[in-house]
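Peer 1: The structure follows.
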Amino acid sequence: QVQLVESGGGLVQPGGSLRLSCAASGSIFRIIAMGWYRQAPGKQRELVATVTSDGRTNYADSVKDRFTISRDNTKSTVYVQMNSLKPEDTALYYCNAVTTPRNWNYWGQGTQVTVSS
């Protein structure tokens with residue numbers, strides 16, 4: 001079992017920045033990848049960014065060059081720095097962890113990001 005706790009969401013004006021954090025606990029030694037997904041009202045959950053335990057990253061096209069994902073393995077924490085935020089980035093952001101050996105997925109409770117003037 002892995003538990004994930006997100007923090008850092010909030011209200012920000014267009015063009016602003018936010019940093020989300022996600023702390024993992026439990027069977028963290030089984031985690032092979034962590035990442036962020038988001039879900040806007042009336043839409044499906046979508047990938048934002050992921051990072052593997054060996055540092056490989058993957059980004060949605062919509063956030064490339066604006067968002068940066070990073071991971072602190074010593075703290076079992078993953079971050080996403082979000083810059084140049086747009087109203088269309090408004091969503092509930094979920095932290096995700098994938099564990100070995102069966103690629104089980106674990107999810108946090110979500111943190112709201114609202115981009116509005």
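Starting from 1 in every chain, residues are counted up; chains themselves are A, B, ... following the order of the structure tokens, and ligands are numbered from 1 as listed.
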Any idea what's packed within 12 Å of region 63-65 of chain A, counting only C-alpha atoms, ignoring anything in its chain fewer than 3 positions away? Could you give it as an NGL selection string?
Peer 2: :A and (36-38 or 46-50 or 57-60 or 68-69 or 80-86 or 88-89)
Peer 1: Give me the residues near region 5-7 of chain A as an MDAnalysis selection string, where near means some atom within 10 Å (using only C-alpha atoms) and where sequence neighbours in that chain fewer than 5 positions away do not count.
Peer 2: chainID A and resid 19:25 77:79 93:96 107:112
Peer 1: Do you know which residues are at most 7 Å from Ile31 (chain A) counting only C-alpha atoms, after dropping those on the same chain fewer than 4 positions away, and could you put them as a list in words?
Peer 2: Ala97, Val98, Thr99 and Thr100 of chain A
Peer 1: Tell me, in Å to one decimal, how far CA of Asp72 (chain A) is from CA of Met34 (chain A).
Peer 2: 10.8 Å
Peer 1: Expressed in Å to a single decimal, how great is the separation between CA of Ser53 (chain A) and CA of Gln39 (chain A)?
Peer 2: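 Taking CA of Ser53 (chain A) and CA of Gln39 (chain A), their separation equals 24.6 Å.
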Peer 1: With only C-alpha atoms as the basis for distance, which of A:Val51, A:Phe29, A:Gly10, A:Ser17 is at the shortest distance from Ala91 (chain A)?
Peer 2: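 Going through A:Val51, A:Phe29, A:Gly10, A:Ser17 one by one, the smallest distance to Ala91 (chain A) is for A:Gly10.
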Peer 1: Using DSSP assignments from the backbone, pull out every residue in chain A that falls under strand (DSSP E) and give it to me as an MDAnalysis selection string.
Peer 2: chainID A and resid 2:7 10:12 18:26 31:39 46:52 57:59 67:72 77:82 91:99 104:107 111:115
Peer 1: What does the distance between CA of Pro14 (chain A) and CA of Phe67 (chain A) come to in Å, to one decimal place?
Peer 2: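 Value for the CA of Pro14 (chain A)-CA of Phe67 (chain A) distance: 14.2 Å.
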Peer 1: Looking at A:Gly15, A:Pro41, A:Gly35, A:Gly8, which one is nearest to Tyr106 (chain A), with distances taken over only C-alpha atoms?
Peer 2: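 Distance minimum relative to Tyr106 (chain A) lands on A:Gly35.
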Peer 1: Which of these residues is nearest to Lys43 (chain A), using only C-alpha atoms: A:Gln1, A:Ser76, A:Ser70, A:Thr90?
Peer 2: A:Thr90
Peer 1: Residues at most 10 Å from Asp54 (chain A), counting only C-alpha atoms, excluding those fewer than 5 positions away in the same chain, as number ranges by chain?
Peer 2: A: 32-33, 71, 73
